[in-house]
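Data block for protein29.cif (mmCIF, C-alpha atoms and all ligand atoms):
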data_run
loop_
_atom_site.group_PDB
_atom_site.id
_atom_site.type_symbol
_atom_site.label_atom_id
_atom_site.label_comp_id
_atom_site.auth_asym_id
_atom_site.auth_seq_id
_atom_site.Cartn_x
_atom_site.Cartn_y
_atom_site.Cartn_z
ATOM 1 C CA MET A 1 -99.684 -16.594 10.020
ATOM 2 C CA GLU A 2 -97.227 -19.413 10.484
ATOM 3 C CA PRO A 3 -94.870 -19.103 13.484
ATOM 4 C CA ALA A 4 -91.200 -18.260 13.112
ATOM 5 C CA PHE A 5 -89.906 -21.381 14.893
ATOM 6 C CA ASN A 6 -89.431 -24.486 12.817
ATOM 7 C CA PHE A 7 -92.820 -26.049 13.536
ATOM 8 C CA TRP A 8 -93.040 -28.072 10.309
ATOM 9 C CA ASP A 9 -89.444 -29.311 10.432
ATOM 10 C CA ASN A 10 -90.144 -30.511 13.978
ATOM 11 C CA MET A 11 -93.411 -32.077 12.809
ATOM 12 C CA ALA A 12 -91.556 -33.836 9.991
ATOM 13 C CA LYS A 13 -89.979 -36.153 12.606
ATOM 14 C CA ARG A 14 -93.449 -37.380 13.593
ATOM 15 C CA TYR A 15 -95.602 -36.768 10.511
ATOM 16 C CA PRO A 16 -97.058 -39.938 8.920
ATOM 17 C CA ARG A 17 -95.401 -41.237 5.760
ATOM 18 C CA PHE A 18 -97.222 -42.403 2.608
ATOM 19 C CA ASN A 19 -97.508 -45.988 3.912
ATOM 20 C CA ASP A 20 -98.964 -45.117 7.340
ATOM 21 C CA ILE A 21 -102.119 -47.213 7.655
ATOM 22 C CA THR A 22 -104.567 -44.492 8.726
ATOM 23 C CA MET A 23 -103.127 -41.880 6.407
ATOM 24 C CA SER A 24 -103.158 -44.182 3.380
ATOM 25 C CA LYS A 25 -106.784 -45.112 4.123
ATOM 26 C CA ASP A 26 -107.741 -41.408 3.906
ATOM 27 C CA VAL A 27 -105.587 -40.807 0.826
ATOM 28 C CA ASN A 28 -107.055 -43.852 -0.985
ATOM 29 C CA HIS A 29 -110.536 -42.571 -0.138
ATOM 30 C CA ILE A 30 -109.696 -39.139 -1.616
ATOM 31 C CA LEU A 31 -107.989 -40.447 -4.769
ATOM 32 C CA ASN A 32 -110.716 -43.070 -5.398
ATOM 33 C CA TRP A 33 -113.374 -40.376 -5.014
ATOM 34 C CA CYS A 34 -111.588 -38.275 -7.655
ATOM 35 C CA GLN A 35 -111.159 -41.259 -9.993
ATOM 36 C CA ASN A 36 -114.868 -42.041 -9.643
ATOM 37 C CA LYS A 37 -115.452 -38.462 -10.855
ATOM 38 C CA ASN A 38 -113.429 -39.345 -13.991
ATOM 39 C CA VAL A 39 -110.141 -37.764 -12.911
ATOM 40 C CA SER A 40 -107.244 -39.693 -14.430
ATOM 41 C CA PHE A 41 -103.871 -39.407 -12.737
ATOM 42 C CA GLU A 42 -101.824 -41.560 -15.128
ATOM 43 C CA GLY A 43 -99.455 -39.404 -17.186
ATOM 44 C CA ALA A 44 -100.801 -36.187 -15.638
ATOM 45 C CA SER A 45 -98.538 -33.367 -14.515
ATOM 46 C CA ILE A 46 -99.507 -32.617 -10.929
ATOM 47 C CA LEU A 47 -98.478 -29.858 -8.539
ATOM 48 C CA ASP A 48 -98.862 -30.896 -4.883
ATOM 49 C CA ILE A 49 -98.833 -27.757 -2.695
ATOM 50 C CA GLY A 50 -97.608 -28.348 0.870
ATOM 51 C CA ALA A 51 -96.849 -31.948 -0.057
ATOM 52 C CA GLY A 52 -95.361 -32.832 3.340
ATOM 53 C CA THR A 53 -93.789 -36.289 3.497
ATOM 54 C CA GLY A 54 -95.456 -37.264 0.223
ATOM 55 C CA THR A 55 -98.568 -38.860 1.698
ATOM 56 C CA ILE A 56 -100.376 -37.968 -1.548
ATOM 57 C CA ALA A 57 -97.473 -37.238 -3.912
ATOM 58 C CA ILE A 58 -96.071 -40.783 -3.656
ATOM 59 C CA PRO A 59 -99.414 -42.581 -4.273
ATOM 60 C CA LEU A 60 -99.971 -40.223 -7.252
ATOM 61 C CA ALA A 61 -96.521 -41.110 -8.641
ATOM 62 C CA GLN A 62 -97.380 -44.801 -8.112
ATOM 63 C CA LYS A 63 -100.418 -44.187 -10.326
ATOM 64 C CA GLY A 64 -98.124 -42.908 -13.105
ATOM 65 C CA ALA A 65 -98.381 -39.139 -12.526
ATOM 66 C CA GLN A 66 -95.434 -36.748 -12.879
ATOM 67 C CA VAL A 67 -95.544 -34.916 -9.556
ATOM 68 C CA THR A 68 -93.978 -31.625 -8.491
ATOM 69 C CA ALA A 69 -94.071 -31.672 -4.703
ATOM 70 C CA MET A 70 -93.523 -28.256 -3.143
ATOM 71 C CA ASP A 71 -93.262 -27.551 0.574
ATOM 72 C CA ILE A 72 -91.772 -24.977 2.909
ATOM 73 C CA SER A 73 -90.144 -27.622 5.117
ATOM 74 C CA GLU A 74 -86.770 -29.158 4.317
ATOM 75 C CA GLY A 75 -87.453 -31.980 6.796
ATOM 76 C CA MET A 76 -90.742 -32.935 5.149
ATOM 77 C CA LEU A 77 -89.187 -32.982 1.671
ATOM 78 C CA ALA A 78 -86.198 -35.013 2.919
ATOM 79 C CA ALA A 79 -88.649 -37.699 4.115
ATOM 80 C CA LEU A 80 -90.518 -37.520 0.794
ATOM 81 C CA ASN A 81 -87.341 -37.906 -1.250
ATOM 82 C CA GLU A 82 -86.197 -40.816 0.927
ATOM 83 C CA ASP A 83 -89.472 -42.694 0.381
ATOM 84 C CA ALA A 84 -89.652 -41.833 -3.334
ATOM 85 C CA LYS A 85 -86.131 -43.206 -3.797
ATOM 86 C CA GLU A 86 -86.924 -46.353 -1.844
ATOM 87 C CA GLN A 87 -90.014 -46.926 -3.997
ATOM 88 C CA GLY A 88 -88.026 -46.400 -7.231
ATOM 89 C CA LEU A 89 -90.099 -43.290 -7.969
ATOM 90 C CA SER A 90 -87.400 -40.590 -7.957
ATOM 91 C CA SER A 91 -87.903 -39.912 -11.686
ATOM 92 C CA LYS A 92 -91.650 -39.412 -11.097
ATOM 93 C CA VAL A 93 -91.372 -36.894 -8.248
ATOM 94 C CA SER A 94 -89.447 -33.635 -8.154
ATOM 95 C CA THR A 95 -89.343 -31.544 -5.007
ATOM 96 C CA HIS A 96 -89.135 -27.802 -4.528
ATOM 97 C CA GLN A 97 -88.576 -26.152 -1.158
ATOM 98 C CA SER A 98 -90.266 -22.774 -0.774
ATOM 99 C CA ASP A 99 -93.140 -20.876 0.686
ATOM 100 C CA TRP A 100 -96.204 -21.107 -1.618
ATOM 101 C CA ASP A 101 -96.136 -17.308 -1.973
ATOM 102 C CA SER A 102 -92.688 -17.372 -3.548
ATOM 103 C CA PHE A 103 -93.044 -20.614 -5.545
ATOM 104 C CA PRO A 104 -92.225 -19.783 -9.187
ATOM 105 C CA LEU A 105 -95.225 -20.745 -11.340
ATOM 106 C CA ASN A 106 -93.441 -21.233 -14.673
ATOM 107 C CA GLN A 107 -96.038 -23.598 -16.102
ATOM 108 C CA LYS A 108 -99.625 -24.736 -15.655
ATOM 109 C CA TYR A 109 -100.169 -28.276 -14.398
ATOM 110 C CA ASP A 110 -102.892 -30.727 -15.520
ATOM 111 C CA ILE A 111 -103.924 -31.035 -11.874
ATOM 112 C CA VAL A 112 -103.191 -28.959 -8.787
ATOM 113 C CA ILE A 113 -103.763 -30.433 -5.337
ATOM 114 C CA ALA A 114 -103.475 -29.063 -1.801
ATOM 115 C CA SER A 115 -104.294 -31.148 1.239
ATOM 116 C CA MET A 116 -104.415 -30.028 4.877
ATOM 117 C CA THR A 117 -101.842 -27.310 4.343
ATOM 118 C CA PRO A 118 -101.520 -23.779 5.755
ATOM 119 C CA ALA A 119 -99.850 -22.934 2.424
ATOM 120 C CA ILE A 120 -103.463 -22.188 1.411
ATOM 121 C CA SER A 121 -104.527 -19.765 4.109
ATOM 122 C CA ASP A 122 -106.028 -16.750 2.341
ATOM 123 C CA LEU A 123 -107.707 -15.613 -0.869
ATOM 124 C CA GLN A 124 -104.483 -14.579 -2.609
ATOM 125 C CA LYS A 125 -102.988 -18.038 -2.042
ATOM 126 C CA ILE A 126 -106.207 -19.684 -3.306
ATOM 127 C CA GLU A 127 -106.103 -17.521 -6.433
ATOM 128 C CA LYS A 128 -102.520 -18.577 -7.101
ATOM 129 C CA MET A 129 -103.665 -22.199 -6.709
ATOM 130 C CA LEU A 130 -106.598 -21.677 -9.122
ATOM 131 C CA GLY A 131 -104.173 -20.182 -11.649
ATOM 132 C CA ALA A 132 -101.747 -23.115 -11.400
ATOM 133 C CA THR A 133 -103.992 -25.618 -13.178
ATOM 134 C CA LYS A 134 -104.981 -26.134 -16.810
ATOM 135 C CA GLY A 135 -108.307 -27.406 -15.491
ATOM 136 C CA ILE A 136 -108.541 -29.758 -12.549
ATOM 137 C CA GLY A 137 -108.011 -28.795 -8.923
ATOM 138 C CA ILE A 138 -108.398 -30.785 -5.723
ATOM 139 C CA TYR A 139 -108.566 -29.248 -2.272
ATOM 140 C CA VAL A 140 -108.720 -31.233 0.959
ATOM 141 C CA GLY A 141 -109.355 -29.372 4.207
ATOM 142 C CA TRP A 142 -110.861 -29.876 7.620
ATOM 143 C CA GLY A 143 -114.604 -30.319 7.714
ATOM 144 C CA LYS A 144 -116.776 -29.314 10.655
ATOM 145 C CA TYR A 145 -114.664 -30.682 13.494
ATOM 146 C CA ARG A 146 -111.216 -31.786 14.647
ATOM 147 C CA ILE A 147 -110.947 -32.983 18.215
ATOM 148 C CA ASN A 148 -107.585 -33.590 19.861
ATOM 149 C CA LYS A 149 -108.206 -33.924 23.596
ATOM 150 C CA LEU A 150 -104.522 -33.507 24.521
ATOM 151 C CA VAL A 151 -104.123 -30.218 22.642
ATOM 152 C CA GLU A 152 -107.484 -29.009 24.020
ATOM 153 C CA ALA A 153 -106.369 -29.812 27.588
ATOM 154 C CA LEU A 154 -102.980 -28.112 27.081
ATOM 155 C CA VAL A 155 -104.515 -24.941 25.663
ATOM 156 C CA LYS A 156 -107.222 -24.812 28.315
ATOM 157 C CA ALA A 157 -104.737 -25.277 31.170
ATOM 158 C CA HIS A 158 -102.513 -22.497 29.851
ATOM 159 C CA THR A 159 -105.146 -19.951 28.855
ATOM 160 C CA LYS A 160 -108.128 -20.844 31.035
ATOM 161 C CA GLU A 161 -110.237 -20.585 27.896
ATOM 162 C CA GLU A 162 -111.630 -23.018 25.370
ATOM 163 C CA GLU A 163 -110.126 -22.419 21.979
ATOM 164 C CA ASP A 164 -111.287 -23.462 18.567
ATOM 165 C CA CYS A 165 -108.477 -25.791 17.573
ATOM 166 C CA ALA A 166 -110.163 -26.866 14.372
ATOM 167 C CA SER A 167 -108.557 -24.826 11.620
ATOM 168 C CA GLY A 168 -104.814 -25.408 12.174
ATOM 169 C CA GLY A 169 -104.100 -22.410 9.929
ATOM 170 C CA CYS A 170 -105.598 -23.915 6.753
ATOM 171 C CA ILE A 171 -108.690 -22.841 4.899
ATOM 172 C CA LYS A 172 -111.532 -25.206 5.828
ATOM 173 C CA ALA A 173 -113.204 -27.137 3.013
ATOM 174 C CA ASN A 174 -116.431 -25.111 3.386
ATOM 175 C CA GLN A 175 -114.533 -21.816 3.163
ATOM 176 C CA PHE A 176 -112.876 -23.041 -0.042
ATOM 177 C CA ILE A 177 -116.303 -23.994 -1.425
ATOM 178 C CA GLU A 178 -117.659 -20.495 -0.708
ATOM 179 C CA ILE A 179 -114.814 -18.951 -2.723
ATOM 180 C CA LEU A 180 -115.458 -21.274 -5.705
ATOM 181 C CA LYS A 181 -119.148 -20.308 -5.543
ATOM 182 C CA GLU A 182 -118.277 -16.595 -5.556
ATOM 183 C CA LYS A 183 -116.122 -17.178 -8.632
ATOM 184 C CA ASN A 184 -118.840 -19.278 -10.358
ATOM 185 C CA ILE A 185 -116.439 -22.216 -10.634
ATOM 186 C CA PRO A 186 -118.382 -25.517 -10.760
ATOM 187 C CA PHE A 187 -117.269 -28.086 -8.199
ATOM 188 C CA GLU A 188 -118.169 -31.322 -6.438
ATOM 189 C CA SER A 189 -117.512 -31.997 -2.780
ATOM 190 C CA ASP A 190 -117.885 -34.665 -0.142
ATOM 191 C CA PHE A 191 -116.998 -35.083 3.534
ATOM 192 C CA PHE A 192 -115.792 -38.091 5.532
ATOM 193 C CA ALA A 193 -114.993 -38.867 9.155
ATOM 194 C CA THR A 194 -111.518 -40.036 10.145
ATOM 195 C CA SER A 195 -109.567 -40.680 13.343
ATOM 196 C CA TRP A 196 -106.069 -41.698 14.323
ATOM 197 C CA VAL A 197 -103.968 -42.324 17.431
ATOM 198 C CA ASP A 198 -100.385 -41.073 17.760
ATOM 199 C CA MET A 199 -98.292 -42.821 20.408
ATOM 200 C CA TYR A 200 -95.332 -40.928 21.836
ATOM 201 C CA THR A 201 -92.717 -41.543 24.487
ATOM 202 C CA PHE A 202 -93.018 -39.029 27.329
ATOM 203 C CA ASP A 203 -90.176 -36.913 25.897
ATOM 204 C CA GLU A 204 -91.601 -36.980 22.373
ATOM 205 C CA ALA A 205 -95.010 -36.008 23.770
ATOM 206 C CA LYS A 206 -93.419 -33.129 25.632
ATOM 207 C CA GLU A 207 -91.792 -31.870 22.436
ATOM 208 C CA TYR A 208 -95.101 -32.299 20.574
ATOM 209 C CA SER A 209 -96.947 -30.368 23.326
ATOM 210 C CA TYR A 210 -94.419 -27.543 23.307
ATOM 211 C CA ASP A 211 -94.662 -27.265 19.501
ATOM 212 C CA GLN A 212 -98.470 -27.191 19.590
ATOM 213 C CA LEU A 213 -98.525 -24.480 22.269
ATOM 214 C CA LYS A 214 -95.811 -22.365 20.675
ATOM 215 C CA ARG A 215 -97.682 -22.546 17.363
ATOM 216 C CA LYS A 216 -100.597 -20.910 19.168
ATOM 217 C CA GLU A 217 -98.177 -18.353 20.617
ATOM 218 C CA ILE A 218 -98.658 -19.774 24.132
ATOM 219 C CA THR A 219 -95.571 -20.116 26.341
ATOM 220 C CA PRO A 220 -95.456 -23.690 27.660
ATOM 221 C CA ASP A 221 -95.359 -24.225 31.436
ATOM 222 C CA GLU A 222 -93.334 -27.402 32.045
ATOM 223 C CA GLU A 223 -95.182 -28.394 35.216
ATOM 224 C CA ILE A 224 -98.613 -28.034 33.610
ATOM 225 C CA VAL A 225 -97.544 -29.872 30.448
ATOM 226 C CA GLU A 226 -96.086 -32.769 32.433
ATOM 227 C CA SER A 227 -99.141 -33.111 34.680
ATOM 228 C CA ILE A 228 -101.461 -33.257 31.653
ATOM 229 C CA LEU A 229 -99.246 -35.726 29.805
ATOM 230 C CA VAL A 230 -99.292 -38.071 32.799
ATOM 231 C CA SER A 231 -103.072 -38.312 32.485
ATOM 232 C CA PHE A 232 -102.689 -39.410 28.838
ATOM 233 C CA LEU A 233 -100.096 -42.128 29.666
ATOM 234 C CA LYS A 234 -101.018 -45.746 28.943
ATOM 235 C CA ASP A 235 -98.384 -48.515 29.123
ATOM 236 C CA ASP A 236 -95.471 -46.009 29.108
ATOM 237 C CA LYS A 237 -96.721 -44.178 25.993
ATOM 238 C CA VAL A 238 -98.702 -40.998 25.655
ATOM 239 C CA HIS A 239 -101.737 -41.747 23.471
ATOM 240 C CA VAL A 240 -103.007 -38.804 21.423
ATOM 241 C CA LYS A 241 -106.272 -39.493 19.623
ATOM 242 C CA THR A 242 -107.604 -37.137 16.973
ATOM 243 C CA GLU A 243 -111.109 -37.372 15.533
ATOM 244 C CA ALA A 244 -111.882 -35.194 12.560
ATOM 245 C CA GLU A 245 -113.969 -34.620 9.506
ATOM 246 C CA LYS A 246 -112.171 -33.974 6.216
ATOM 247 C CA GLY A 247 -113.745 -32.328 3.203
ATOM 248 C CA MET A 248 -112.783 -32.964 -0.450
ATOM 249 C CA VAL A 249 -113.433 -30.393 -3.166
ATOM 250 C CA LEU A 250 -112.916 -31.090 -6.875
ATOM 251 C CA TRP A 251 -113.235 -28.500 -9.622
ATOM 252 C CA ASN A 252 -112.600 -28.507 -13.356
ATOM 253 C CA VAL A 253 -112.480 -25.351 -15.397
ATOM 254 C CA ALA A 254 -111.098 -26.958 -18.579
HETATM 255 C C1 LIG A 301 -100.386 -31.113 7.662
HETATM 256 S S1 LIG A 301 -99.099 -31.153 6.492
HETATM 257 C C2 LIG A 301 -99.945 -31.813 5.067
HETATM 258 C C3 LIG A 301 -99.073 -32.696 4.223
HETATM 259 C C4 LIG A 301 -99.808 -33.417 3.087
HETATM 260 N N1 LIG A 301 -100.310 -32.471 2.102
HETATM 261 C C5 LIG A 301 -100.928 -34.257 3.644
HETATM 262 O O1 LIG A 301 -102.096 -34.034 3.294
HETATM 263 O O2 LIG A 301 -100.633 -35.201 4.398
HETATM 264 C C6 LIG A 301 -98.928 -29.443 6.057
HETATM 265 C C7 LIG A 301 -97.729 -29.160 5.149
HETATM 266 O O3 LIG A 301 -97.819 -27.824 4.661
HETATM 267 C C8 LIG A 301 -96.505 -27.290 4.618
HETATM 268 N N2 LIG A 301 -96.596 -25.832 4.625
HETATM 269 C C9 LIG A 301 -96.978 -25.033 5.654
HETATM 270 N N3 LIG A 301 -96.967 -23.747 5.281
HETATM 271 C C10 LIG A 301 -96.545 -23.722 3.982
HETATM 272 C C11 LIG A 301 -96.318 -22.676 3.041
HETATM 273 N N4 LIG A 301 -96.554 -21.409 3.357
HETATM 274 N N5 LIG A 301 -95.877 -23.001 1.800
HETATM 275 C C12 LIG A 301 -95.649 -24.305 1.483
HETATM 276 N N6 LIG A 301 -95.849 -25.335 2.338
HETATM 277 C C13 LIG A 301 -96.305 -25.059 3.565
HETATM 278 C C14 LIG A 301 -95.838 -27.859 5.859
HETATM 279 O O4 LIG A 301 -94.439 -27.815 5.813
HETATM 280 C C15 LIG A 301 -96.398 -29.279 5.870
HETATM 281 O O5 LIG A 301 -95.562 -30.168 5.199
#

Could you take the file, read its structure, and then write that structure out as structure tokens?
Amino acid sequence: MEPAFNFWDNMAKRYPRFNDITMSKDVNHILNWCQNKNVSFEGASILDIGAGTGTIAIPLAQKGAQVTAMDISEGMLAALNEDAKEQGLSSKVSTHQSDWDSFPLNQKYDIVIASMTPAISDLQKIEKMLGATKGIGIYVGWGKYRINKLVEALVKAHTKEEEDCASGGCIKANQFIEILKEKNIPFESDFFATSWVDMYTFDEAKEYSYDQLKRKEITPDEEIVESILVSFLKDDKVHVKTEAEKGMVLWNVA
């Protein structure tokens, strides 16, 4: 369950855009993998579920797709629209703000894609996704690990317990695969390692820490948060490194 406070609108201020170097490396890897499996994006109608700032929607539009980017967060879609406009791609991308549950599925798309989004967090939401495509679907989720030492330290200091921080509310790639197997839907999959470093001012890091804790329904303790952040300070910035595995799943029922 997603929290009531505006986690994703807050995240939108910090979330990478389509031209972020690390993010675009991952996205190119995913889209190239699909193209090598004979998926053609040019001219395709594509629904991007939980599109965020357009990290995938904008590269797809650049490849000539007609993208519907849906997301629950106004802030994320504002960033997406800003970048689409700047890239001269406004006619290639339309946005729709809603929860995936209440998104009106008035048509089937050539391709449906969901990447790293809690929009896809249970079987019912997966089934809606499977029903949204004429044939091709792409799911990107966490693989076996995601390590963020700052979030681990914050959670541990507040709860005195280790917590599995890996899922972030989304269905993991392997869980998605199990559901396709149960439904006898043929698929291909692959996994890759990725890592990135976010650099925040102390105040930004504090806001980030509070959001991460509140998302886990933990009440932040200012003194604890500040003492942990100090240990992550380098040259006046808080460095937050994440190492993770991502899994890509491609199916075609056409
Ligand atoms: C980690 S971001 C992923 C963005 C993009 N797909 C990517 O791979 O970079 C997760 C996105 O899912 C959106 N989201 C979360 N819950 C959602 C829901 N129930 N329905 C639609 N979007 C949702 C958030 O607003 C956020 O933009």

On this file, the PyMOL selection byres (((chain A and resi 176) around 12) and not hetatm) gives some set of residues; write that set as number ranges by chain.
A: 114-115, 120-123, 125-127, 129-130, 137-143, 170-175, 177-183, 185, 187-189, 247-251

Neighbours of ligand LIG 301 (chain A) within 6 Å, counting all atoms listed in the file, as a list in words?
Trp8, Gly50, Ala51, Gly52, Thr55, Asp71, Ile72, Ser73, Met76, Asp99, Trp100, Ser115, Met116, Thr117, Pro118 and Ala119 of chain A

For the selection just defined, write its residues with C-alpha atoms to a file, as a PDB file, in the coordinates of the input.
ATOM      1  CA  TRP A   8     -93.040 -28.072  10.309  1.00  0.00           C
ATOM      2  CA  GLY A  50     -97.608 -28.348   0.870  1.00  0.00           C
ATOM      3  CA  ALA A  51     -96.849 -31.948  -0.057  1.00  0.00           C
ATOM      4  CA  GLY A  52     -95.361 -32.832   3.340  1.00  0.00           C
ATOM      5  CA  THR A  55     -98.568 -38.860   1.698  1.00  0.00           C
ATOM      6  CA  ASP A  71     -93.262 -27.551   0.574  1.00  0.00           C
ATOM      7  CA  ILE A  72     -91.772 -24.977   2.909  1.00  0.00           C
ATOM      8  CA  SER A  73     -90.144 -27.622   5.117  1.00  0.00           C
ATOM      9  CA  MET A  76     -90.742 -32.935   5.149  1.00  0.00           C
ATOM     10  CA  ASP A  99     -93.140 -20.876   0.686  1.00  0.00           C
ATOM     11  CA  TRP A 100     -96.204 -21.107  -1.618  1.00  0.00           C
ATOM     12  CA  SER A 115    -104.294 -31.148   1.239  1.00  0.00           C
ATOM     13  CA  MET A 116    -104.415 -30.028   4.877  1.00  0.00           C
ATOM     14  CA  THR A 117    -101.842 -27.310   4.343  1.00  0.00           C
ATOM     15  CA  PRO A 118    -101.520 -23.779   5.755  1.00  0.00           C
ATOM     16  CA  ALA A 119     -99.850 -22.934   2.424  1.00  0.00           C
TER      17      ALA A 119
END

Expand the PyMOL selection byres (((chain A and resi 26-28) around 12) and not hetatm) into the individual residues it matches in the shown file, reporting them as a VMD selection string.
chain A and resid 16 to 25 29 to 36 54 to 60 63 115 to 116 140 191 to 196 244 to 248

With distances taken over all atoms listed in the file, which of A:His239, A:Lys13, A:Lys37, A:Arg146 is nearest to Val197 (chain A)?
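Selected residue with least distance to Val197 (chain A): A:His239.
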
Tell me which protein, DNA and RNA residues are within 8 Å of Val253 (chain A), counting all atoms listed in the file, leaving out same-chain ones fewer than 3 positions away, and put them as an mmCIF file with C-alpha atoms, in the coordinates of the input.
data_model
loop_
_atom_site.group_PDB
_atom_site.id
_atom_site.type_symbol
_atom_site.label_atom_id
_atom_site.label_comp_id
_atom_site.auth_asym_id
_atom_site.auth_seq_id
_atom_site.Cartn_x
_atom_site.Cartn_y
_atom_site.Cartn_z
ATOM 1 C CA LYS A 134 -104.981 -26.134 -16.810
ATOM 2 C CA GLY A 135 -108.307 -27.406 -15.491
ATOM 3 C CA ILE A 136 -108.541 -29.758 -12.549
ATOM 4 C CA ILE A 185 -116.439 -22.216 -10.634
ATOM 5 C CA PRO A 186 -118.382 -25.517 -10.760
#

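CA of Val155 (chain A) is positioned 13.8 Å from CA of Lys206 (chain A).
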
May I have the protein, DNA and RNA residues with an atom at most 12 Å from (-105.2, -31.3, 17.3), counting only C-alpha atoms in the file's coordinates, returned as number ranges by chain?
A: 142, 145-155, 163-169, 195-198, 208-209, 211-213, 215-216, 240-244

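Within the 9 Å cut-off around Lys108 (chain A), using only C-alpha atoms and omitting residues fewer than 6 positions from it on the same chain, the listed residues are Ser45, Leu47, Gly131, Ala132, Thr133 and Lys134 of chain A.
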
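When CA of Lys92 (chain A) is paired with CA of Ala12 (chain A), their separation reads 21.8 Å.
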
So how far away is CA of Ile49 (chain A) from CA of Ser102 (chain A), in Å?
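Interatomic distance, CA of Ser102 (chain A) to CA of Ile49 (chain A): 12.1 Å.
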
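Among the candidates A:Asp190, A:Lys234, A:Pro220, A:Glu74, the residue lying nearest to Phe202 (chain A) is A:Lys234 (atoms considered: all atoms listed in the file).
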
Restricting the calculation to only C-alpha atoms: of A:Met199, A:Ala78, A:Thr159, A:Ile111, which residue gets closest to Glu217 (chain A)?
A:Thr159
